[in-house]
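Data from final-v9.txt: compact mmCIF, C-alpha atoms
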```txt
# COMPACT_ATOMS: atom_id res chain seq x y z
CA MET B 1 73.69 72.74 101.75
CA GLY B 2 73.42 74.79 104.94
CA LEU B 3 74.27 78.47 105.12
CA GLY B 4 76.89 77.70 107.77
CA THR B 5 78.78 75.65 105.19
CA VAL B 6 78.43 78.49 102.69
CA PHE B 7 79.80 80.97 105.23
CA LEU B 8 82.81 78.83 106.16
CA SER B 9 83.54 78.05 102.51
CA GLU B 10 83.58 81.74 101.57
CA VAL B 11 85.67 82.69 104.61
CA LEU B 12 88.31 80.10 103.76
CA GLY B 13 88.35 80.77 100.03
CA THR B 14 88.45 84.54 100.32
CA GLY B 15 91.03 84.25 103.09
CA ILE B 16 93.38 82.27 100.85
CA LEU B 17 92.77 84.75 98.02
CA LEU B 18 93.77 87.70 100.20
CA LEU B 19 96.68 85.93 101.85
CA LEU B 20 98.25 85.25 98.46
CA GLY B 21 97.10 88.51 96.86
CA ALA B 22 98.20 90.84 99.65
CA GLY B 23 101.26 88.63 100.03
CA VAL B 24 102.47 89.20 96.48
CA VAL B 25 102.01 92.96 96.86
CA ALA B 26 104.01 92.84 100.10
CA ASN B 27 106.70 90.80 98.37
CA VAL B 28 107.08 93.40 95.64
CA LEU B 29 106.75 96.59 97.71
CA LEU B 30 108.18 96.04 101.18
CA ALA B 31 111.79 96.68 102.16
CA LYS B 32 114.32 93.82 102.10
CA SER B 33 111.86 91.31 100.60
CA LYS B 34 113.39 88.82 98.16
CA GLY B 35 110.72 89.79 95.63
CA PHE B 36 111.30 93.53 96.05
CA ASP B 37 110.64 95.54 92.88
CA GLY B 38 109.36 92.46 91.05
CA GLY B 39 106.98 94.55 88.98
CA TRP B 40 103.34 94.86 88.02
CA LEU B 41 103.06 91.55 86.18
CA LEU B 42 104.30 89.64 89.23
CA ILE B 43 101.50 91.28 91.20
CA ASN B 44 98.99 90.41 88.46
CA PHE B 45 100.01 86.76 88.41
CA GLY B 46 100.10 86.59 92.20
CA TRP B 47 96.51 87.79 92.41
CA GLY B 48 95.45 85.45 89.61
CA LEU B 49 96.97 82.46 91.38
CA GLY B 50 95.36 83.62 94.61
CA VAL B 51 91.99 83.45 92.85
CA PHE B 52 92.93 80.03 91.46
CA ALA B 53 93.61 78.66 94.95
CA GLY B 54 90.64 80.41 96.53
CA VAL B 55 88.17 79.03 94.00
CA TYR B 56 89.27 75.47 94.72
CA ILE B 57 89.06 76.01 98.48
CA ALA B 58 85.54 77.50 98.29
CA TYR B 59 84.08 74.98 95.82
CA LYS B 60 81.22 74.04 98.14
CA SER B 61 79.70 77.53 98.06
CA GLY B 62 80.34 78.11 94.36
CA ALA B 63 83.46 80.16 95.20
CA HIS B 64 82.08 83.67 94.81
CA LEU B 65 84.92 85.22 96.89
CA ASN B 66 83.56 88.61 95.89
CA PRO B 67 80.30 90.47 96.69
CA ALA B 68 80.27 91.77 93.10
CA VAL B 69 80.05 88.18 91.83
CA THR B 70 77.27 87.45 94.31
CA ILE B 71 75.40 90.56 93.13
CA GLY B 72 75.98 89.62 89.49
CA ILE B 73 74.43 86.21 90.03
CA LEU B 74 71.56 87.86 91.88
CA THR B 75 70.81 90.36 89.10
CA SER B 76 71.19 87.70 86.41
CA GLY B 77 67.96 86.14 87.63
CA ALA B 78 69.55 82.86 88.75
CA ASP B 79 67.59 80.66 91.14
CA GLU B 80 70.64 79.41 93.03
CA PHE B 81 73.95 80.91 94.12
CA ALA B 82 75.40 77.39 94.09
CA PRO B 83 73.87 73.91 93.91
CA GLY B 84 71.50 73.65 96.85
CA VAL B 85 71.83 77.33 97.85
CA PRO B 86 68.75 79.27 96.74
CA VAL B 87 69.04 82.97 96.00
CA GLY B 88 67.51 85.03 98.78
CA VAL B 89 68.15 87.87 101.21
CA GLY B 90 69.52 85.57 103.91
CA SER B 91 71.86 83.67 101.63
CA THR B 92 73.07 86.90 100.01
CA LEU B 93 74.01 88.35 103.40
CA VAL B 94 75.80 85.13 104.37
CA TYR B 95 77.93 85.34 101.24
CA PHE B 96 78.75 88.99 101.96
CA ALA B 97 79.68 88.23 105.57
CA GLY B 98 81.90 85.29 104.65
CA GLU B 99 83.67 87.27 101.94
CA MET B 100 84.31 90.26 104.22
CA LEU B 101 85.58 88.19 107.15
CA GLY B 102 87.76 86.05 104.90
CA ALA B 103 89.31 89.13 103.29
CA PHE B 104 90.04 90.65 106.69
CA LEU B 105 91.63 87.46 108.03
CA GLY B 106 93.67 86.87 104.88
CA ALA B 107 95.12 90.36 105.11
CA VAL B 108 96.03 89.83 108.76
CA LEU B 109 97.85 86.59 107.85
CA ALA B 110 99.77 88.39 105.09
CA TRP B 111 100.81 91.01 107.66
CA LEU B 112 102.04 88.28 110.00
CA ALA B 113 104.03 86.65 107.19
CA TYR B 114 105.75 89.96 106.36
CA LYS B 115 105.86 91.53 109.83
CA PRO B 116 109.63 92.25 109.86
CA HIS B 117 109.37 93.80 106.38
CA PHE B 118 106.50 96.05 107.43
CA ASP B 119 108.65 97.15 110.36
CA ALA B 120 111.58 97.85 108.01
CA THR B 121 109.51 99.91 105.55
CA PRO B 122 109.23 103.62 106.42
CA ASP B 123 106.78 104.52 103.63
CA GLU B 124 103.24 104.33 105.04
CA GLY B 125 101.80 104.52 101.54
CA LEU B 126 103.53 101.29 100.53
CA LYS B 127 102.16 99.56 103.60
CA LEU B 128 98.63 100.68 102.78
CA ALA B 129 99.08 99.45 99.19
CA VAL B 130 99.57 95.91 100.53
CA PHE B 131 96.11 96.03 102.07
CA SER B 132 94.02 98.14 99.72
CA THR B 133 93.92 99.81 96.34
CA GLY B 134 94.51 103.45 95.46
CA PRO B 135 94.36 105.56 92.31
CA ALA B 136 97.36 106.49 90.20
CA ILE B 137 95.57 109.77 89.40
CA ARG B 138 92.96 110.69 92.00
CA SER B 139 89.73 111.57 90.24
CA TYR B 140 86.80 109.97 92.02
CA THR B 141 84.54 110.01 88.96
CA TRP B 142 87.05 108.38 86.63
CA ASN B 143 88.33 106.04 89.33
CA LEU B 144 84.74 104.89 89.82
CA VAL B 145 84.28 104.41 86.07
CA CYS B 146 87.44 102.29 85.92
CA GLU B 147 86.27 100.04 88.77
CA ILE B 148 82.84 99.66 87.16
CA ILE B 149 84.38 98.61 83.84
CA GLY B 150 86.91 96.22 85.36
CA THR B 151 84.32 94.54 87.56
CA PHE B 152 81.86 94.32 84.69
CA VAL B 153 84.45 92.39 82.67
CA LEU B 154 85.16 90.07 85.61
CA VAL B 155 81.55 89.22 86.45
CA PHE B 156 80.28 89.12 82.86
CA VAL B 157 82.99 86.68 81.79
CA VAL B 158 82.57 84.58 84.95
CA LEU B 159 78.85 84.26 84.22
CA ALA B 160 79.66 83.35 80.61
CA LEU B 161 82.10 80.68 81.79
CA GLY B 162 79.32 79.18 83.86
CA LYS B 163 77.26 78.73 80.69
CA THR B 164 80.01 77.30 78.47
CA PRO B 165 81.80 73.92 78.81
CA THR B 166 85.35 75.28 78.74
CA GLN B 167 86.70 72.53 81.03
CA LEU B 168 89.15 75.11 82.41
CA GLY B 169 87.38 75.75 85.71
CA PRO B 170 89.34 77.91 88.19
CA LEU B 171 92.22 78.33 85.74
CA ALA B 172 90.01 80.35 83.41
CA VAL B 173 88.99 82.71 86.22
CA ALA B 174 92.60 83.03 87.37
CA MET B 175 93.80 84.02 83.91
CA LEU B 176 90.87 86.42 83.58
CA VAL B 177 92.02 88.21 86.76
CA VAL B 178 95.59 88.37 85.42
CA GLY B 179 94.26 89.85 82.18
CA ILE B 180 92.13 92.46 83.93
CA GLY B 181 95.09 93.51 86.05
CA ALA B 182 97.42 93.74 83.06
CA SER B 183 94.91 95.63 80.90
CA LEU B 184 92.71 97.66 83.23
CA GLY B 185 94.56 97.69 86.55
CA GLY B 186 96.74 100.74 86.00
CA PRO B 187 94.36 103.56 86.95
CA THR B 188 93.10 102.21 90.31
CA GLY B 189 94.93 99.00 91.12
CA TYR B 190 91.83 97.00 90.12
CA ALA B 191 90.00 96.22 93.35
CA ILE B 192 87.09 94.69 91.35
CA ASN B 193 85.92 93.26 94.68
CA PRO B 194 84.40 95.26 97.58
CA ALA B 195 85.48 92.70 100.20
CA ARG B 196 89.02 92.51 98.83
CA ASP B 197 89.48 96.23 99.46
CA LEU B 198 87.30 97.02 102.47
CA GLY B 199 88.17 94.01 104.66
CA PRO B 200 91.94 94.53 104.40
CA ARG B 201 91.56 98.31 104.73
CA ILE B 202 89.85 97.72 108.07
CA ALA B 203 92.72 95.39 109.00
CA HIS B 204 95.19 98.14 108.07
CA ALA B 205 93.36 100.57 110.35
CA LEU B 206 93.44 98.14 113.28
CA LEU B 207 96.91 96.59 113.01
CA PRO B 208 100.02 98.13 114.63
CA LEU B 209 101.77 99.36 111.50
CA SER B 210 103.57 102.52 112.56
CA TYR B 211 107.19 102.62 111.41
CA LYS B 212 109.73 103.09 114.18
CA GLY B 213 112.98 104.99 113.75
CA THR B 214 116.35 104.07 115.21
CA ASP B 215 115.36 105.69 118.49
CA GLY B 216 112.29 103.47 118.75
CA GLU B 217 109.84 106.31 118.26
CA ALA B 218 107.00 106.07 115.74
CA VAL B 219 107.74 107.86 112.48
CA GLY B 220 104.98 109.13 110.19
CA LYS B 221 101.23 108.83 110.52
CA LYS B 222 99.21 105.83 109.44
CA ASP B 223 96.41 106.78 107.03
CA SER B 224 93.93 104.20 105.71
CA ASP B 225 92.66 106.67 103.07
CA TRP B 226 89.01 106.39 104.03
CA SER B 227 88.14 109.29 101.71
CA TYR B 228 88.80 106.97 98.75
CA SER B 229 87.49 103.75 100.30
CA TRP B 230 83.98 104.08 98.86
CA VAL B 231 85.22 103.88 95.26
CA PRO B 232 86.42 100.23 95.35
CA VAL B 233 83.14 99.29 97.07
CA VAL B 234 80.57 101.20 95.02
CA GLY B 235 82.29 100.71 91.64
CA PRO B 236 82.41 96.91 91.81
CA ILE B 237 78.84 96.72 93.11
CA ILE B 238 77.60 98.74 90.12
CA GLY B 239 79.78 96.83 87.66
CA GLY B 240 78.67 93.46 89.01
CA ALA B 241 75.00 94.41 88.93
CA ILE B 242 75.23 95.64 85.33
CA ALA B 243 77.06 92.48 84.29
CA GLY B 244 74.33 90.31 85.79
CA VAL B 245 71.55 92.19 84.02
CA ILE B 246 73.30 92.04 80.63
CA ALA B 247 74.18 88.37 81.15
CA SER B 248 70.50 87.60 81.73
CA LEU B 249 69.79 89.02 78.28
CA ALA B 250 72.81 87.61 76.48
CA PHE B 251 73.12 84.05 77.78
```
Final structure tokens representation of the file:
Amino acid sequence: MGLGTVFLSEVLGTGILLLLGAGVVANVLLAKSKGFDGGWLLINFGWGLGVFAGVYIAYKSGAHLNPAVTIGILTSGADEFAPGVPVGVGSTLVYFAGEMLGAFLGAVLAWLAYKPHFDATPDEGLKLAVFSTGPAIRSYTWNLVCEIIGTFVLVFVVLALGKTPTQLGPLAVAMLVVGIGASLGGPTGYAINPARDLGPRIAHALLPLSYKGTDGEAVGKKDSDWSYSWVPVVGPIIGGAIAGVIASLAF
């Protein structure tokens, strides 16, 4: 399989993941949405089902959808990222690029779907929450620890699923994501995916999201919270790498 196919597969799969994932957050948080105030579990299930759909879409590339998964496979000592895709520097970078672009595009599509609701929402923090994660209690060290643990669980179990004939396929990964969100998502919003956070955060910075008052003037200042942005990138990378190393010893 060519790397062009891998790239397109990851773009499409990660795009669907972010469209549905950012979409469920928008549904719960943005003003006048029919799903407004639907709660944390609705967000958890929305993200899980986004993973479910994305994995099916990206089947050709092995449906990584997440640089942490790619890194976990790399550090596990695997020879291939997917059937016919050998592990190497070039293929690794192609996966990263597809995942980042897909996440960016998926977030833009979610913004388009909810454009009137973004316009009707004065709270800039709620808008940012549609695109990226943020801590409930800001403590960079402990936020990083939480992202490492959550991503370790994700990648370690995904690698275990690849070794066991569960017959559940994407459904198992989807329910795993729901479980991580319900159990470990409270402190940081469980990015557990560098592309999922960074791609949409870039989209947030670029899109016209300023709230306008009744006089048509912009109200408030858009802030993409770049001071925190390294946590949901570095944490998942570390967690994924550790999961791969331990999986190579355990499985």
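The shell of residues at most 8 Å from Ala58 of chain B, with all atoms listed in the file counted and near chain neighbours (fewer than 6 positions) removed, consists of Ser9, Glu10, Leu12, Gly13, Thr14, His64 and Leu65 of chain B.
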Within 7 Å of segment 182-198 of chain B: each segment 12-117 of chain B residue with its shortest pair, all atoms listed in the file, as JSON lines:
```
{"residue": "B:Leu18", "atom": "CA", "partner": "B:Arg196", "partner_atom": "CA", "distance": 6.9}
{"residue": "B:Leu41", "atom": "CA", "partner": "B:Ala182", "partner_atom": "CA", "distance": 6.8}
{"residue": "B:Asn44", "atom": "CA", "partner": "B:Ala182", "partner_atom": "CA", "distance": 6.5}
{"residue": "B:Asn66", "atom": "CA", "partner": "B:Asn193", "partner_atom": "CA", "distance": 5.4}
{"residue": "B:Pro67", "atom": "CA", "partner": "B:Pro194", "partner_atom": "CA", "distance": 6.4}
{"residue": "B:Ala68", "atom": "CA", "partner": "B:Asn193", "partner_atom": "CA", "distance": 6.1}
{"residue": "B:Glu99", "atom": "CA", "partner": "B:Ala195", "partner_atom": "CA", "distance": 6.0}
{"residue": "B:Met100", "atom": "CA", "partner": "B:Ala195", "partner_atom": "CA", "distance": 4.8}
{"residue": "B:Ala103", "atom": "CA", "partner": "B:Arg196", "partner_atom": "CA", "distance": 5.6}
```
Contacts of segment 155-247 of chain B with segment 74-95 of chain B up to 7 Å, shortest pair per row, all atoms listed in the file, as CSV:
```
residue,atom,partner,partner_atom,distance
B:Ala241,CA,B:Thr75,CA,5.8
B:Gly244,CA,B:Ser76,CA,4.1
B:Val245,CA,B:Ser76,CA,5.1
B:Ala247,CA,B:Ser76,CA,6.1
```
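You can rank B:Gly98, B:Pro232, B:Pro116, B:Gly106 by their closest distance to Tyr140 of chain B using all atoms listed in the file, and at the top of that list sits B:Pro232.
Across B:Leu17, B:Gly199, B:Ile57, B:Ala110, the tightest approach to Val177 of chain B is made by B:Leu17 when counting only C-alpha atoms.
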Option closest in space to Thr164 of chain B, from B:Ala107, B:Phe251, B:Ala22, B:Thr5 [counting all atoms listed in the file]: B:Phe251
Nearest candidate to Ile149 of chain B (options B:Leu101, B:Leu126, B:Ile242, B:Leu176; using only C-alpha atoms): B:Ile242
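Between atom CA of Arg138 of chain B and atom CA of Gly125 of chain B lies a distance of 14.4 Å.
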Close residues, Val24 of chain B itself excluded, 8 Å, all atoms listed in the file, min 2 positions apart in chain, as a PyMOL selection string: chain B and resi 20-22+26-28+42-43+46-47
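Shortest separation to Val55 of chain B among B:Phe118, B:Pro170, B:Gly235, B:Val69 occurs at residue B:Pro170, atoms counted being only C-alpha atoms.
The space between atom CA of Gly181 of chain B and atom CA of Pro208 of chain B spans 29.4 Å.
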Nearest to Cys146 of chain B, chosen from B:Ile180, B:Leu249, B:Leu209, B:Ile16, with all atoms listed in the file counted in the distances: B:Ile180
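Interatomic distance, atom CA of Val173 of chain B to atom CA of Gly62 of chain B: 12.7 Å.
For Ile148 of chain B, the non-local neighbours within 6 Å, defined as residues at least 2 positions apart in the same chain or in other chains and counting all atoms listed in the file, are B:Val145, B:Cys146, B:Gly150, B:Thr151, B:Phe152, B:Gly235, B:Pro236, B:Gly239.
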Could you work out an axis-aligned box for segment 232-244 of chain B, taking every atom the file lists and adding 3 Å on each side, and report centre and edge lengths in Å to one decimal, as lines of an AutoDock Vina configuration file?
```
center_x = 80.4
center_y = 95.8
center_z = 90.7
size_x = 18.1
size_y = 16.9
size_z = 18.8
```
Contact residues around Val231 of chain B with all atoms listed in the file at 8 Å, ignoring same-chain residues under 2 positions, as a PyMOL selection string: chain B and resi 140+143-144+147+228-229+233-235
Take segment 44-71 of chain B, bring it up to N, CA and C atoms, and give me the output as a PDB file, in the coordinates of the input.
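Output saved as rebuild11.pdb:
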```pdb
ATOM      1  N   ASN B  44     100.145  90.943  89.212  1.00  0.00           N
ATOM      2  CA  ASN B  44      98.990  90.410  88.460  1.00  0.00           C
ATOM      3  C   ASN B  44      98.895  88.902  88.575  1.00  0.00           C
ATOM      4  N   PHE B  45     100.020  88.227  88.355  1.00  0.00           N
ATOM      5  CA  PHE B  45     100.010  86.760  88.410  1.00  0.00           C
ATOM      6  C   PHE B  45      99.790  86.263  89.838  1.00  0.00           C
ATOM      7  N   GLY B  46     100.323  86.980  90.818  1.00  0.00           N
ATOM      8  CA  GLY B  46     100.100  86.590  92.200  1.00  0.00           C
ATOM      9  C   GLY B  46      98.622  86.631  92.571  1.00  0.00           C
ATOM     10  N   TRP B  47      97.943  87.697  92.150  1.00  0.00           N
ATOM     11  CA  TRP B  47      96.510  87.790  92.410  1.00  0.00           C
ATOM     12  C   TRP B  47      95.733  86.719  91.641  1.00  0.00           C
ATOM     13  N   GLY B  48      96.130  86.488  90.385  1.00  0.00           N
ATOM     14  CA  GLY B  48      95.450  85.450  89.610  1.00  0.00           C
ATOM     15  C   GLY B  48      95.574  84.091  90.250  1.00  0.00           C
ATOM     16  N   LEU B  49      96.765  83.753  90.731  1.00  0.00           N
ATOM     17  CA  LEU B  49      96.970  82.460  91.380  1.00  0.00           C
ATOM     18  C   LEU B  49      96.285  82.407  92.745  1.00  0.00           C
ATOM     19  N   GLY B  50      96.141  83.574  93.384  1.00  0.00           N
ATOM     20  CA  GLY B  50      95.360  83.620  94.610  1.00  0.00           C
ATOM     21  C   GLY B  50      93.906  83.274  94.353  1.00  0.00           C
ATOM     22  N   VAL B  51      93.360  83.807  93.261  1.00  0.00           N
ATOM     23  CA  VAL B  51      91.990  83.450  92.850  1.00  0.00           C
ATOM     24  C   VAL B  51      91.905  81.957  92.539  1.00  0.00           C
ATOM     25  N   PHE B  52      92.893  81.442  91.819  1.00  0.00           N
ATOM     26  CA  PHE B  52      92.930  80.030  91.460  1.00  0.00           C
ATOM     27  C   PHE B  52      92.826  79.147  92.707  1.00  0.00           C
ATOM     28  N   ALA B  53      93.632  79.447  93.725  1.00  0.00           N
ATOM     29  CA  ALA B  53      93.610  78.660  94.950  1.00  0.00           C
ATOM     30  C   ALA B  53      92.308  78.856  95.716  1.00  0.00           C
ATOM     31  N   GLY B  54      91.853  80.126  95.788  1.00  0.00           N
ATOM     32  CA  GLY B  54      90.640  80.410  96.530  1.00  0.00           C
ATOM     33  C   GLY B  54      89.404  79.741  95.961  1.00  0.00           C
ATOM     34  N   VAL B  55      89.325  79.669  94.641  1.00  0.00           N
ATOM     35  CA  VAL B  55      88.170  79.030  94.000  1.00  0.00           C
ATOM     36  C   VAL B  55      88.127  77.541  94.351  1.00  0.00           C
ATOM     37  N   TYR B  56      89.259  76.882  94.348  1.00  0.00           N
ATOM     38  CA  TYR B  56      89.270  75.470  94.720  1.00  0.00           C
ATOM     39  C   TYR B  56      88.862  75.282  96.179  1.00  0.00           C
ATOM     40  N   ILE B  57      89.368  76.140  97.060  1.00  0.00           N
ATOM     41  CA  ILE B  57      89.060  76.010  98.480  1.00  0.00           C
ATOM     42  C   ILE B  57      87.563  76.195  98.746  1.00  0.00           C
ATOM     43  N   ALA B  58      86.938  77.134  98.030  1.00  0.00           N
ATOM     44  CA  ALA B  58      85.540  77.500  98.290  1.00  0.00           C
ATOM     45  C   ALA B  58      84.573  76.813  97.327  1.00  0.00           C
ATOM     46  N   TYR B  59      84.923  75.636  96.836  1.00  0.00           N
ATOM     47  CA  TYR B  59      84.080  74.980  95.820  1.00  0.00           C
ATOM     48  C   TYR B  59      82.679  74.687  96.325  1.00  0.00           C
ATOM     49  N   LYS B  60      82.526  74.416  97.618  1.00  0.00           N
ATOM     50  CA  LYS B  60      81.220  74.040  98.140  1.00  0.00           C
ATOM     51  C   LYS B  60      80.186  75.154  97.985  1.00  0.00           C
ATOM     52  N   SER B  61      80.627  76.396  98.115  1.00  0.00           N
ATOM     53  CA  SER B  61      79.700  77.530  98.060  1.00  0.00           C
ATOM     54  C   SER B  61      79.620  78.133  96.662  1.00  0.00           C
ATOM     55  N   GLY B  62      80.295  77.539  95.695  1.00  0.00           N
ATOM     56  CA  GLY B  62      80.340  78.110  94.360  1.00  0.00           C
ATOM     57  C   GLY B  62      81.461  79.112  94.186  1.00  0.00           C
ATOM     58  N   ALA B  63      82.251  79.328  95.256  1.00  0.00           N
ATOM     59  CA  ALA B  63      83.460  80.160  95.200  1.00  0.00           C
ATOM     60  C   ALA B  63      83.195  81.552  94.634  1.00  0.00           C
ATOM     61  N   HIS B  64      82.292  82.290  95.251  1.00  0.00           N
ATOM     62  CA  HIS B  64      82.080  83.670  94.810  1.00  0.00           C
ATOM     63  C   HIS B  64      83.297  84.525  95.146  1.00  0.00           C
ATOM     64  N   LEU B  65      83.732  84.505  96.406  1.00  0.00           N
ATOM     65  CA  LEU B  65      84.920  85.220  96.890  1.00  0.00           C
ATOM     66  C   LEU B  65      84.825  86.730  96.697  1.00  0.00           C
ATOM     67  N   ASN B  66      83.671  87.226  96.335  1.00  0.00           N
ATOM     68  CA  ASN B  66      83.560  88.610  95.890  1.00  0.00           C
ATOM     69  C   ASN B  66      82.086  89.025  95.899  1.00  0.00           C
ATOM     70  N   PRO B  67      81.699  90.024  96.695  1.00  0.00           N
ATOM     71  CA  PRO B  67      80.300  90.470  96.690  1.00  0.00           C
ATOM     72  C   PRO B  67      79.804  90.887  95.316  1.00  0.00           C
ATOM     73  N   ALA B  68      80.689  91.379  94.440  1.00  0.00           N
ATOM     74  CA  ALA B  68      80.270  91.770  93.100  1.00  0.00           C
ATOM     75  C   ALA B  68      79.815  90.558  92.294  1.00  0.00           C
ATOM     76  N   VAL B  69      80.476  89.413  92.505  1.00  0.00           N
ATOM     77  CA  VAL B  69      80.050  88.180  91.830  1.00  0.00           C
ATOM     78  C   VAL B  69      78.704  87.736  92.386  1.00  0.00           C
ATOM     79  N   THR B  70      78.551  87.798  93.694  1.00  0.00           N
ATOM     80  CA  THR B  70      77.270  87.450  94.310  1.00  0.00           C
ATOM     81  C   THR B  70      76.150  88.335  93.766  1.00  0.00           C
ATOM     82  N   ILE B  71      76.405  89.631  93.665  1.00  0.00           N
ATOM     83  CA  ILE B  71      75.400  90.560  93.130  1.00  0.00           C
ATOM     84  C   ILE B  71      75.133  90.271  91.656  1.00  0.00           C
TER      85      ILE B  71
END
```
